[in-house]
Every structure is written in C-alpha cells, then in structure tokens.
$ cat my_file-v3.cif   # mmCIF, N, CA and C atoms
data_upload
loop_
_atom_site.group_PDB
_atom_site.id
_atom_site.type_symbol
_atom_site.label_atom_id
_atom_site.label_comp_id
_atom_site.auth_asym_id
_atom_site.auth_seq_id
_atom_site.Cartn_x
_atom_site.Cartn_y
_atom_site.Cartn_z
ATOM 1 N N MET E 1 30.696 -16.969 13.318
ATOM 2 C CA MET E 1 29.700 -16.644 12.312
ATOM 3 C C MET E 1 28.676 -15.685 12.896
ATOM 4 N N THR E 2 28.333 -14.728 12.127
ATOM 5 C CA THR E 2 27.308 -13.795 12.576
ATOM 6 C C THR E 2 25.987 -14.152 11.933
ATOM 7 N N HIS E 3 24.955 -13.879 12.649
ATOM 8 C CA HIS E 3 23.614 -14.158 12.162
ATOM 9 C C HIS E 3 23.013 -12.865 11.626
ATOM 10 N N HIS E 4 22.736 -12.850 10.341
ATOM 11 C CA HIS E 4 22.144 -11.659 9.723
ATOM 12 C C HIS E 4 20.642 -11.853 9.605
ATOM 13 N N GLU E 5 19.928 -10.918 10.185
ATOM 14 C CA GLU E 5 18.483 -10.974 10.034
ATOM 15 C C GLU E 5 18.110 -10.323 8.713
ATOM 16 N N GLU E 6 17.307 -11.012 7.954
ATOM 17 C CA GLU E 6 16.872 -10.477 6.673
ATOM 18 C C GLU E 6 15.677 -9.566 6.888
ATOM 19 N N GLU E 7 15.719 -8.428 6.222
ATOM 20 C CA GLU E 7 14.584 -7.523 6.299
ATOM 21 C C GLU E 7 13.470 -8.057 5.417
ATOM 22 N N LYS E 8 12.269 -8.021 5.931
ATOM 23 C CA LYS E 8 11.136 -8.445 5.133
ATOM 24 C C LYS E 8 10.759 -7.319 4.183
ATOM 25 N N SER E 9 10.461 -7.675 2.966
ATOM 26 C CA SER E 9 10.082 -6.692 1.969
ATOM 27 C C SER E 9 8.563 -6.633 1.887
ATOM 28 N N TYR E 10 8.037 -5.466 2.121
ATOM 29 C CA TYR E 10 6.602 -5.260 2.032
ATOM 30 C C TYR E 10 6.239 -4.434 0.809
ATOM 31 N N ASP E 11 7.076 -4.479 -0.215
ATOM 32 C CA ASP E 11 6.831 -3.719 -1.434
ATOM 33 C C ASP E 11 5.523 -4.118 -2.095
ATOM 34 N N TYR E 12 5.179 -5.390 -2.006
ATOM 35 C CA TYR E 12 3.962 -5.866 -2.648
ATOM 36 C C TYR E 12 2.718 -5.173 -2.099
ATOM 37 N N LEU E 13 2.773 -4.718 -0.858
ATOM 38 C CA LEU E 13 1.612 -4.024 -0.288
ATOM 39 C C LEU E 13 1.350 -2.707 -0.993
ATOM 40 N N TYR E 14 2.410 -1.989 -1.350
ATOM 41 C CA TYR E 14 2.238 -0.733 -2.080
ATOM 42 C C TYR E 14 1.593 -0.990 -3.433
ATOM 43 N N TYR E 15 2.058 -2.028 -4.124
ATOM 44 C CA TYR E 15 1.499 -2.356 -5.433
ATOM 45 C C TYR E 15 0.059 -2.832 -5.322
ATOM 46 N N LEU E 16 -0.243 -3.616 -4.311
ATOM 47 C CA LEU E 16 -1.598 -4.107 -4.117
ATOM 48 C C LEU E 16 -2.552 -2.964 -3.795
ATOM 49 N N ILE E 17 -2.144 -2.066 -2.913
ATOM 50 C CA ILE E 17 -2.987 -0.923 -2.561
ATOM 51 C C ILE E 17 -3.173 -0.010 -3.768
ATOM 52 N N GLY E 18 -2.114 0.210 -4.543
ATOM 53 C CA GLY E 18 -2.228 1.030 -5.753
ATOM 54 C C GLY E 18 -3.173 0.412 -6.763
ATOM 55 N N LEU E 19 -3.061 -0.886 -6.976
ATOM 56 C CA LEU E 19 -3.944 -1.575 -7.919
ATOM 57 C C LEU E 19 -5.390 -1.503 -7.469
ATOM 58 N N LEU E 20 -5.657 -1.815 -6.205
ATOM 59 C CA LEU E 20 -7.026 -1.799 -5.710
ATOM 60 C C LEU E 20 -7.613 -0.399 -5.710
ATOM 61 N N SER E 21 -6.803 0.606 -5.393
ATOM 62 C CA SER E 21 -7.288 1.984 -5.416
ATOM 63 C C SER E 21 -7.651 2.405 -6.833
ATOM 64 N N GLY E 22 -6.808 2.050 -7.789
ATOM 65 C CA GLY E 22 -7.101 2.378 -9.185
ATOM 66 C C GLY E 22 -8.345 1.679 -9.685
ATOM 67 N N LEU E 23 -8.482 0.398 -9.357
ATOM 68 C CA LEU E 23 -9.678 -0.339 -9.776
ATOM 69 C C LEU E 23 -10.933 0.219 -9.125
ATOM 70 N N PHE E 24 -10.848 0.561 -7.848
ATOM 71 C CA PHE E 24 -12.001 1.123 -7.147
ATOM 72 C C PHE E 24 -12.399 2.463 -7.755
ATOM 73 N N THR E 25 -11.408 3.275 -8.085
ATOM 74 C CA THR E 25 -11.700 4.556 -8.721
ATOM 75 C C THR E 25 -12.373 4.336 -10.065
ATOM 76 N N GLY E 26 -11.920 3.355 -10.820
ATOM 77 C CA GLY E 26 -12.549 3.031 -12.102
ATOM 78 C C GLY E 26 -13.982 2.563 -11.943
ATOM 79 N N VAL E 27 -14.255 1.806 -10.900
ATOM 80 C CA VAL E 27 -15.624 1.334 -10.660
ATOM 81 C C VAL E 27 -16.529 2.501 -10.262
ATOM 82 N N VAL E 28 -16.012 3.418 -9.446
ATOM 83 C CA VAL E 28 -16.806 4.562 -9.006
ATOM 84 C C VAL E 28 -17.111 5.488 -10.183
ATOM 85 N N ILE E 29 -16.095 5.763 -11.007
ATOM 86 C CA ILE E 29 -16.309 6.646 -12.165
ATOM 87 C C ILE E 29 -17.190 5.944 -13.195
ATOM 88 N N ASP E 30 -16.831 4.706 -13.562
ATOM 89 C CA ASP E 30 -17.637 3.820 -14.402
ATOM 90 C C ASP E 30 -18.118 4.463 -15.692
ATOM 91 N N TYR E 31 -17.253 5.203 -16.383
ATOM 92 C CA TYR E 31 -17.655 5.717 -17.692
ATOM 93 C C TYR E 31 -17.743 4.585 -18.703
ATOM 94 N N THR E 32 -16.689 3.806 -18.796
ATOM 95 C CA THR E 32 -16.685 2.664 -19.703
ATOM 96 C C THR E 32 -15.989 1.492 -19.020
ATOM 97 N N ALA E 33 -16.200 0.312 -19.559
ATOM 98 C CA ALA E 33 -15.569 -0.873 -18.971
ATOM 99 C C ALA E 33 -14.063 -0.855 -19.198
ATOM 100 N N ILE E 34 -13.594 -0.150 -20.211
ATOM 101 C CA ILE E 34 -12.156 -0.103 -20.487
ATOM 102 C C ILE E 34 -11.443 0.808 -19.494
ATOM 103 N N LEU E 35 -12.147 1.717 -18.866
ATOM 104 C CA LEU E 35 -11.539 2.654 -17.938
ATOM 105 C C LEU E 35 -11.079 1.967 -16.649
ATOM 106 N N ILE E 36 -11.749 0.931 -16.227
ATOM 107 C CA ILE E 36 -11.421 0.256 -14.970
ATOM 108 C C ILE E 36 -10.018 -0.356 -15.008
ATOM 109 N N PRO E 37 -9.656 -1.182 -16.010
ATOM 110 C CA PRO E 37 -8.284 -1.713 -16.017
ATOM 111 C C PRO E 37 -7.226 -0.636 -16.281
ATOM 112 N N ILE E 38 -7.573 0.393 -17.052
ATOM 113 C CA ILE E 38 -6.616 1.473 -17.292
ATOM 114 C C ILE E 38 -6.278 2.163 -15.984
ATOM 115 N N LEU E 39 -7.267 2.458 -15.162
ATOM 116 C CA LEU E 39 -7.010 3.100 -13.882
ATOM 117 C C LEU E 39 -6.310 2.146 -12.913
ATOM 118 N N GLY E 40 -6.523 0.846 -13.067
ATOM 119 C CA GLY E 40 -5.763 -0.123 -12.273
ATOM 120 C C GLY E 40 -4.278 -0.047 -12.597
ATOM 121 N N VAL E 41 -3.944 0.072 -13.877
ATOM 122 C CA VAL E 41 -2.545 0.201 -14.293
ATOM 123 C C VAL E 41 -1.975 1.532 -13.806
ATOM 124 N N VAL E 42 -2.766 2.604 -13.883
ATOM 125 C CA VAL E 42 -2.313 3.904 -13.385
ATOM 126 C C VAL E 42 -2.032 3.810 -11.881
ATOM 127 N N GLY E 43 -2.864 3.086 -11.154
ATOM 128 C CA GLY E 43 -2.632 2.881 -9.726
ATOM 129 C C GLY E 43 -1.334 2.131 -9.463
ATOM 130 N N LEU E 44 -1.040 1.122 -10.287
ATOM 131 C CA LEU E 44 0.221 0.389 -10.150
ATOM 132 C C LEU E 44 1.421 1.292 -10.444
ATOM 133 N N LEU E 45 1.300 2.123 -11.469
ATOM 134 C CA LEU E 45 2.386 3.041 -11.808
ATOM 135 C C LEU E 45 2.617 4.052 -10.687
ATOM 136 N N PHE E 46 1.534 4.562 -10.115
ATOM 137 C CA PHE E 46 1.672 5.506 -9.013
ATOM 138 C C PHE E 46 2.305 4.835 -7.793
ATOM 139 N N ALA E 47 1.935 3.589 -7.535
ATOM 140 C CA ALA E 47 2.529 2.865 -6.408
ATOM 141 C C ALA E 47 4.027 2.659 -6.634
ATOM 142 N N GLY E 48 4.423 2.328 -7.851
ATOM 143 C CA GLY E 48 5.840 2.163 -8.158
ATOM 144 C C GLY E 48 6.608 3.467 -8.001
ATOM 145 N N PHE E 49 6.012 4.563 -8.461
ATOM 146 C CA PHE E 49 6.636 5.877 -8.302
ATOM 147 C C PHE E 49 6.785 6.222 -6.826
ATOM 148 N N PHE E 50 5.731 6.035 -6.063
ATOM 149 C CA PHE E 50 5.758 6.339 -4.634
ATOM 150 C C PHE E 50 6.816 5.504 -3.924
ATOM 151 N N LEU E 51 6.876 4.230 -4.270
ATOM 152 C CA LEU E 51 7.832 3.324 -3.629
ATOM 153 C C LEU E 51 9.268 3.709 -3.954
ATOM 154 N N ASN E 52 9.549 4.027 -5.193
ATOM 155 C CA ASN E 52 10.918 4.333 -5.603
ATOM 156 C C ASN E 52 11.378 5.728 -5.197
ATOM 157 N N VAL E 53 10.484 6.690 -5.149
ATOM 158 C CA VAL E 53 10.893 8.068 -4.863
ATOM 159 C C VAL E 53 10.822 8.376 -3.379
ATOM 160 N N PHE E 54 9.742 8.032 -2.726
ATOM 161 C CA PHE E 54 9.531 8.460 -1.344
ATOM 162 C C PHE E 54 9.945 7.420 -0.302
ATOM 163 N N VAL E 55 9.686 6.159 -0.545
ATOM 164 C CA VAL E 55 9.913 5.138 0.476
ATOM 165 C C VAL E 55 11.374 4.689 0.505
ATOM 166 N N ARG E 56 12.024 4.588 -0.625
ATOM 167 C CA ARG E 56 13.406 4.087 -0.684
ATOM 168 C C ARG E 56 14.359 4.984 0.108
ATOM 169 N N GLY E 57 14.176 6.287 0.080
ATOM 170 C CA GLY E 57 15.084 7.200 0.751
ATOM 171 C C GLY E 57 14.792 7.389 2.220
ATOM 172 N N ARG E 58 13.778 6.772 2.744
ATOM 173 C CA ARG E 58 13.360 6.985 4.116
ATOM 174 C C ARG E 58 14.413 6.528 5.130
ATOM 175 N N GLY E 59 15.067 5.412 4.896
ATOM 176 C CA GLY E 59 16.025 4.880 5.865
ATOM 177 C C GLY E 59 17.435 5.419 5.695
ATOM 178 N N GLN E 60 17.671 6.299 4.741
ATOM 179 C CA GLN E 60 19.011 6.790 4.465
ATOM 180 C C GLN E 60 19.260 8.178 5.031
ATOM 181 N N ALA E 61 18.729 8.473 6.161
ATOM 182 C CA ALA E 61 18.870 9.820 6.708
ATOM 183 C C ALA E 61 20.155 10.059 7.377
#

$ encode --input "my_file-v3.cif" --output "structure tokens"
Amino acid sequence: MTHHEEEKSYDYLYYLIGLLSGLFTGVVIDYTAILIPILGVVGLLFAGFFLNVFVRGRGQA
C-alpha cells in the first residue's frame, strides 16, 4: 500500500482576503451603507476569478 499525502487546500484564504479587501474598500469610500456589502461581493468575485484563472494553472508547467 502506498501512502498518499493529501494536499491542503488554501482556497479559502483567497476568498477571505478578497472579501476583506472589498469590505475595507467600501468602508474607505463610504458613499452609502449599501456600497460596503456590494464591494464585499465584488471582492469575492475577483478572488474567485484570480483563483480559477491564475492560481490553478501554476502547477501545470
């Protein structure tokens, strides 16, 4: 039997950083209270895009 080491997934860090960055940007801009959660969602979308486009292909060289 071979022992397979499982790779740890750190995908949640990209989403967390994207969410916090979007929320922080919303707090700094602070035009309206509705802008803060909208920018949080935009941060999550950007993190998902970054993860799927740039990070996934990194190990396939």

$ atom_distance --input "my_file-v3.cif" --atom1 "atom N of Tyr14 in chain E" --atom2 "CA of Gly40 in chain E"
13.8 Å

$ resolve_selection --input "my_file-v3.cif" --expression "the PyMOL selection byres ((chain E and resi 39) around 8)" --output "list in words"
Gly18, Leu19, Leu20, Ser21, Gly22, Leu23, Phe24, Thr25, Gly26, Val27, Ile34, Leu35, Ile36, Pro37, Ile38, Gly40, Val41, Val42, Gly43, Leu44 and Leu45 of chain E

$ write_last_selection --input "my_file-v3.cif" --atoms "N, CA and C atoms" --output "short mmCIF file (atom, residue, chain, number, x, y, z; two decimals), in the coordinates of the input"
data_model
loop_
_atom_site.label_atom_id
_atom_site.label_comp_id
_atom_site.auth_asym_id
_atom_site.auth_seq_id
_atom_site.Cartn_x
_atom_site.Cartn_y
_atom_site.Cartn_z
N GLY E 18 -2.11 0.21 -4.54
CA GLY E 18 -2.23 1.03 -5.75
C GLY E 18 -3.17 0.41 -6.76
N LEU E 19 -3.06 -0.89 -6.98
CA LEU E 19 -3.94 -1.58 -7.92
C LEU E 19 -5.39 -1.50 -7.47
N LEU E 20 -5.66 -1.82 -6.20
CA LEU E 20 -7.03 -1.80 -5.71
C LEU E 20 -7.61 -0.40 -5.71
N SER E 21 -6.80 0.61 -5.39
CA SER E 21 -7.29 1.98 -5.42
C SER E 21 -7.65 2.40 -6.83
N GLY E 22 -6.81 2.05 -7.79
CA GLY E 22 -7.10 2.38 -9.18
C GLY E 22 -8.35 1.68 -9.68
N LEU E 23 -8.48 0.40 -9.36
CA LEU E 23 -9.68 -0.34 -9.78
C LEU E 23 -10.93 0.22 -9.12
N PHE E 24 -10.85 0.56 -7.85
CA PHE E 24 -12.00 1.12 -7.15
C PHE E 24 -12.40 2.46 -7.76
N THR E 25 -11.41 3.28 -8.09
CA THR E 25 -11.70 4.56 -8.72
C THR E 25 -12.37 4.34 -10.06
N GLY E 26 -11.92 3.36 -10.82
CA GLY E 26 -12.55 3.03 -12.10
C GLY E 26 -13.98 2.56 -11.94
N VAL E 27 -14.26 1.81 -10.90
CA VAL E 27 -15.62 1.33 -10.66
C VAL E 27 -16.53 2.50 -10.26
N ILE E 34 -13.59 -0.15 -20.21
CA ILE E 34 -12.16 -0.10 -20.49
C ILE E 34 -11.44 0.81 -19.49
N LEU E 35 -12.15 1.72 -18.87
CA LEU E 35 -11.54 2.65 -17.94
C LEU E 35 -11.08 1.97 -16.65
N ILE E 36 -11.75 0.93 -16.23
CA ILE E 36 -11.42 0.26 -14.97
C ILE E 36 -10.02 -0.36 -15.01
N PRO E 37 -9.66 -1.18 -16.01
CA PRO E 37 -8.28 -1.71 -16.02
C PRO E 37 -7.23 -0.64 -16.28
N ILE E 38 -7.57 0.39 -17.05
CA ILE E 38 -6.62 1.47 -17.29
C ILE E 38 -6.28 2.16 -15.98
N GLY E 40 -6.52 0.85 -13.07
CA GLY E 40 -5.76 -0.12 -12.27
C GLY E 40 -4.28 -0.05 -12.60
N VAL E 41 -3.94 0.07 -13.88
CA VAL E 41 -2.54 0.20 -14.29
C VAL E 41 -1.98 1.53 -13.81
N VAL E 42 -2.77 2.60 -13.88
CA VAL E 42 -2.31 3.90 -13.38
C VAL E 42 -2.03 3.81 -11.88
N GLY E 43 -2.86 3.09 -11.15
CA GLY E 43 -2.63 2.88 -9.73
C GLY E 43 -1.33 2.13 -9.46
N LEU E 44 -1.04 1.12 -10.29
CA LEU E 44 0.22 0.39 -10.15
C LEU E 44 1.42 1.29 -10.44
N LEU E 45 1.30 2.12 -11.47
CA LEU E 45 2.39 3.04 -11.81
C LEU E 45 2.62 4.05 -10.69
#

$ select_by_dssp --input "my_file-v3.cif" --residues "range 8-53 of chain E" --states "helix (DSSP H, G or I)" --output "PDB file with N, CA and C atoms, in the coordinates of the input"
ATOM      1  N   ASP E  11       7.076  -4.479  -0.215  1.00  0.00           N
ATOM      2  CA  ASP E  11       6.831  -3.719  -1.434  1.00  0.00           C
ATOM      3  C   ASP E  11       5.523  -4.118  -2.095  1.00  0.00           C
ATOM      4  N   TYR E  12       5.179  -5.390  -2.006  1.00  0.00           N
ATOM      5  CA  TYR E  12       3.962  -5.866  -2.648  1.00  0.00           C
ATOM      6  C   TYR E  12       2.718  -5.173  -2.099  1.00  0.00           C
ATOM      7  N   LEU E  13       2.773  -4.718  -0.858  1.00  0.00           N
ATOM      8  CA  LEU E  13       1.612  -4.024  -0.288  1.00  0.00           C
ATOM      9  C   LEU E  13       1.350  -2.707  -0.993  1.00  0.00           C
ATOM     10  N   TYR E  14       2.410  -1.989  -1.350  1.00  0.00           N
ATOM     11  CA  TYR E  14       2.238  -0.733  -2.080  1.00  0.00           C
ATOM     12  C   TYR E  14       1.593  -0.990  -3.433  1.00  0.00           C
ATOM     13  N   TYR E  15       2.058  -2.028  -4.124  1.00  0.00           N
ATOM     14  CA  TYR E  15       1.499  -2.356  -5.433  1.00  0.00           C
ATOM     15  C   TYR E  15       0.059  -2.832  -5.322  1.00  0.00           C
ATOM     16  N   LEU E  16      -0.243  -3.616  -4.311  1.00  0.00           N
ATOM     17  CA  LEU E  16      -1.598  -4.107  -4.117  1.00  0.00           C
ATOM     18  C   LEU E  16      -2.552  -2.964  -3.795  1.00  0.00           C
ATOM     19  N   ILE E  17      -2.144  -2.066  -2.913  1.00  0.00           N
ATOM     20  CA  ILE E  17      -2.987  -0.923  -2.561  1.00  0.00           C
ATOM     21  C   ILE E  17      -3.173  -0.010  -3.768  1.00  0.00           C
ATOM     22  N   GLY E  18      -2.114   0.210  -4.543  1.00  0.00           N
ATOM     23  CA  GLY E  18      -2.228   1.030  -5.753  1.00  0.00           C
ATOM     24  C   GLY E  18      -3.173   0.412  -6.763  1.00  0.00           C
ATOM     25  N   LEU E  19      -3.061  -0.886  -6.976  1.00  0.00           N
ATOM     26  CA  LEU E  19      -3.944  -1.575  -7.919  1.00  0.00           C
ATOM     27  C   LEU E  19      -5.390  -1.503  -7.469  1.00  0.00           C
ATOM     28  N   LEU E  20      -5.657  -1.815  -6.205  1.00  0.00           N
ATOM     29  CA  LEU E  20      -7.026  -1.799  -5.710  1.00  0.00           C
ATOM     30  C   LEU E  20      -7.613  -0.399  -5.710  1.00  0.00           C
ATOM     31  N   SER E  21      -6.803   0.606  -5.393  1.00  0.00           N
ATOM     32  CA  SER E  21      -7.288   1.984  -5.416  1.00  0.00           C
ATOM     33  C   SER E  21      -7.651   2.405  -6.833  1.00  0.00           C
ATOM     34  N   GLY E  22      -6.808   2.050  -7.789  1.00  0.00           N
ATOM     35  CA  GLY E  22      -7.101   2.378  -9.185  1.00  0.00           C
ATOM     36  C   GLY E  22      -8.345   1.679  -9.685  1.00  0.00           C
ATOM     37  N   LEU E  23      -8.482   0.398  -9.357  1.00  0.00           N
ATOM     38  CA  LEU E  23      -9.678  -0.339  -9.776  1.00  0.00           C
ATOM     39  C   LEU E  23     -10.933   0.219  -9.125  1.00  0.00           C
ATOM     40  N   PHE E  24     -10.848   0.561  -7.848  1.00  0.00           N
ATOM     41  CA  PHE E  24     -12.001   1.123  -7.147  1.00  0.00           C
ATOM     42  C   PHE E  24     -12.399   2.463  -7.755  1.00  0.00           C
ATOM     43  N   THR E  25     -11.408   3.275  -8.085  1.00  0.00           N
ATOM     44  CA  THR E  25     -11.700   4.556  -8.721  1.00  0.00           C
ATOM     45  C   THR E  25     -12.373   4.336 -10.065  1.00  0.00           C
ATOM     46  N   GLY E  26     -11.920   3.355 -10.820  1.00  0.00           N
ATOM     47  CA  GLY E  26     -12.549   3.031 -12.102  1.00  0.00           C
ATOM     48  C   GLY E  26     -13.982   2.563 -11.943  1.00  0.00           C
ATOM     49  N   VAL E  27     -14.255   1.806 -10.900  1.00  0.00           N
ATOM     50  CA  VAL E  27     -15.624   1.334 -10.660  1.00  0.00           C
ATOM     51  C   VAL E  27     -16.529   2.501 -10.262  1.00  0.00           C
ATOM     52  N   VAL E  28     -16.012   3.418  -9.446  1.00  0.00           N
ATOM     53  CA  VAL E  28     -16.806   4.562  -9.006  1.00  0.00           C
ATOM     54  C   VAL E  28     -17.111   5.488 -10.183  1.00  0.00           C
ATOM     55  N   ILE E  29     -16.095   5.763 -11.007  1.00  0.00           N
ATOM     56  CA  ILE E  29     -16.309   6.646 -12.165  1.00  0.00           C
ATOM     57  C   ILE E  29     -17.190   5.944 -13.195  1.00  0.00           C
ATOM     58  N   LEU E  35     -12.147   1.717 -18.866  1.00  0.00           N
ATOM     59  CA  LEU E  35     -11.539   2.654 -17.938  1.00  0.00           C
ATOM     60  C   LEU E  35     -11.079   1.967 -16.649  1.00  0.00           C
ATOM     61  N   ILE E  36     -11.749   0.931 -16.227  1.00  0.00           N
ATOM     62  CA  ILE E  36     -11.421   0.256 -14.970  1.00  0.00           C
ATOM     63  C   ILE E  36     -10.018  -0.356 -15.008  1.00  0.00           C
ATOM     64  N   PRO E  37      -9.656  -1.182 -16.010  1.00  0.00           N
ATOM     65  CA  PRO E  37      -8.284  -1.713 -16.017  1.00  0.00           C
ATOM     66  C   PRO E  37      -7.226  -0.636 -16.281  1.00  0.00           C
ATOM     67  N   ILE E  38      -7.573   0.393 -17.052  1.00  0.00           N
ATOM     68  CA  ILE E  38      -6.616   1.473 -17.292  1.00  0.00           C
ATOM     69  C   ILE E  38      -6.278   2.163 -15.984  1.00  0.00           C
ATOM     70  N   LEU E  39      -7.267   2.458 -15.162  1.00  0.00           N
ATOM     71  CA  LEU E  39      -7.010   3.100 -13.882  1.00  0.00           C
ATOM     72  C   LEU E  39      -6.310   2.146 -12.913  1.00  0.00           C
ATOM     73  N   GLY E  40      -6.523   0.846 -13.067  1.00  0.00           N
ATOM     74  CA  GLY E  40      -5.763  -0.123 -12.273  1.00  0.00           C
ATOM     75  C   GLY E  40      -4.278  -0.047 -12.597  1.00  0.00           C
ATOM     76  N   VAL E  41      -3.944   0.072 -13.877  1.00  0.00           N
ATOM     77  CA  VAL E  41      -2.545   0.201 -14.293  1.00  0.00           C
ATOM     78  C   VAL E  41      -1.975   1.532 -13.806  1.00  0.00           C
ATOM     79  N   VAL E  42      -2.766   2.604 -13.883  1.00  0.00           N
ATOM     80  CA  VAL E  42      -2.313   3.904 -13.385  1.00  0.00           C
ATOM     81  C   VAL E  42      -2.032   3.810 -11.881  1.00  0.00           C
ATOM     82  N   GLY E  43      -2.864   3.086 -11.154  1.00  0.00           N
ATOM     83  CA  GLY E  43      -2.632   2.881  -9.726  1.00  0.00           C
ATOM     84  C   GLY E  43      -1.334   2.131  -9.463  1.00  0.00           C
ATOM     85  N   LEU E  44      -1.040   1.122 -10.287  1.00  0.00           N
ATOM     86  CA  LEU E  44       0.221   0.389 -10.150  1.00  0.00           C
ATOM     87  C   LEU E  44       1.421   1.292 -10.444  1.00  0.00           C
ATOM     88  N   LEU E  45       1.300   2.123 -11.469  1.00  0.00           N
ATOM     89  CA  LEU E  45       2.386   3.041 -11.808  1.00  0.00           C
ATOM     90  C   LEU E  45       2.617   4.052 -10.687  1.00  0.00           C
ATOM     91  N   PHE E  46       1.534   4.562 -10.115  1.00  0.00           N
ATOM     92  CA  PHE E  46       1.672   5.506  -9.013  1.00  0.00           C
ATOM     93  C   PHE E  46       2.305   4.835  -7.793  1.00  0.00           C
ATOM     94  N   ALA E  47       1.935   3.589  -7.535  1.00  0.00           N
ATOM     95  CA  ALA E  47       2.529   2.865  -6.408  1.00  0.00           C
ATOM     96  C   ALA E  47       4.027   2.659  -6.634  1.00  0.00           C
ATOM     97  N   GLY E  48       4.423   2.328  -7.851  1.00  0.00           N
ATOM     98  CA  GLY E  48       5.840   2.163  -8.158  1.00  0.00           C
ATOM     99  C   GLY E  48       6.608   3.467  -8.001  1.00  0.00           C
ATOM    100  N   PHE E  49       6.012   4.563  -8.461  1.00  0.00           N
ATOM    101  CA  PHE E  49       6.636   5.877  -8.302  1.00  0.00           C
ATOM    102  C   PHE E  49       6.785   6.222  -6.826  1.00  0.00           C
ATOM    103  N   PHE E  50       5.731   6.035  -6.063  1.00  0.00           N
ATOM    104  CA  PHE E  50       5.758   6.339  -4.634  1.00  0.00           C
ATOM    105  C   PHE E  50       6.816   5.504  -3.924  1.00  0.00           C
ATOM    106  N   LEU E  51       6.876   4.230  -4.270  1.00  0.00           N
ATOM    107  CA  LEU E  51       7.832   3.324  -3.629  1.00  0.00           C
ATOM    108  C   LEU E  51       9.268   3.709  -3.954  1.00  0.00           C
ATOM    109  N   ASN E  52       9.549   4.027  -5.193  1.00  0.00           N
ATOM    110  CA  ASN E  52      10.918   4.333  -5.603  1.00  0.00           C
ATOM    111  C   ASN E  52      11.378   5.728  -5.197  1.00  0.00           C
ATOM    112  N   VAL E  53      10.484   6.690  -5.149  1.00  0.00           N
ATOM    113  CA  VAL E  53      10.893   8.068  -4.863  1.00  0.00           C
ATOM    114  C   VAL E  53      10.822   8.376  -3.379  1.00  0.00           C
TER     115      VAL E  53
END

$ atom_distance --input "my_file-v3.cif" --atom1 "atom C of Asn52 in chain E" --atom2 "atom N of Lys8 in chain E"
17.7 Å

$ atom_distance --input "my_file-v3.cif" --atom1 "CA of Gly48 in chain E" --atom2 "CA of Ala33 in chain E"
24.2 Å
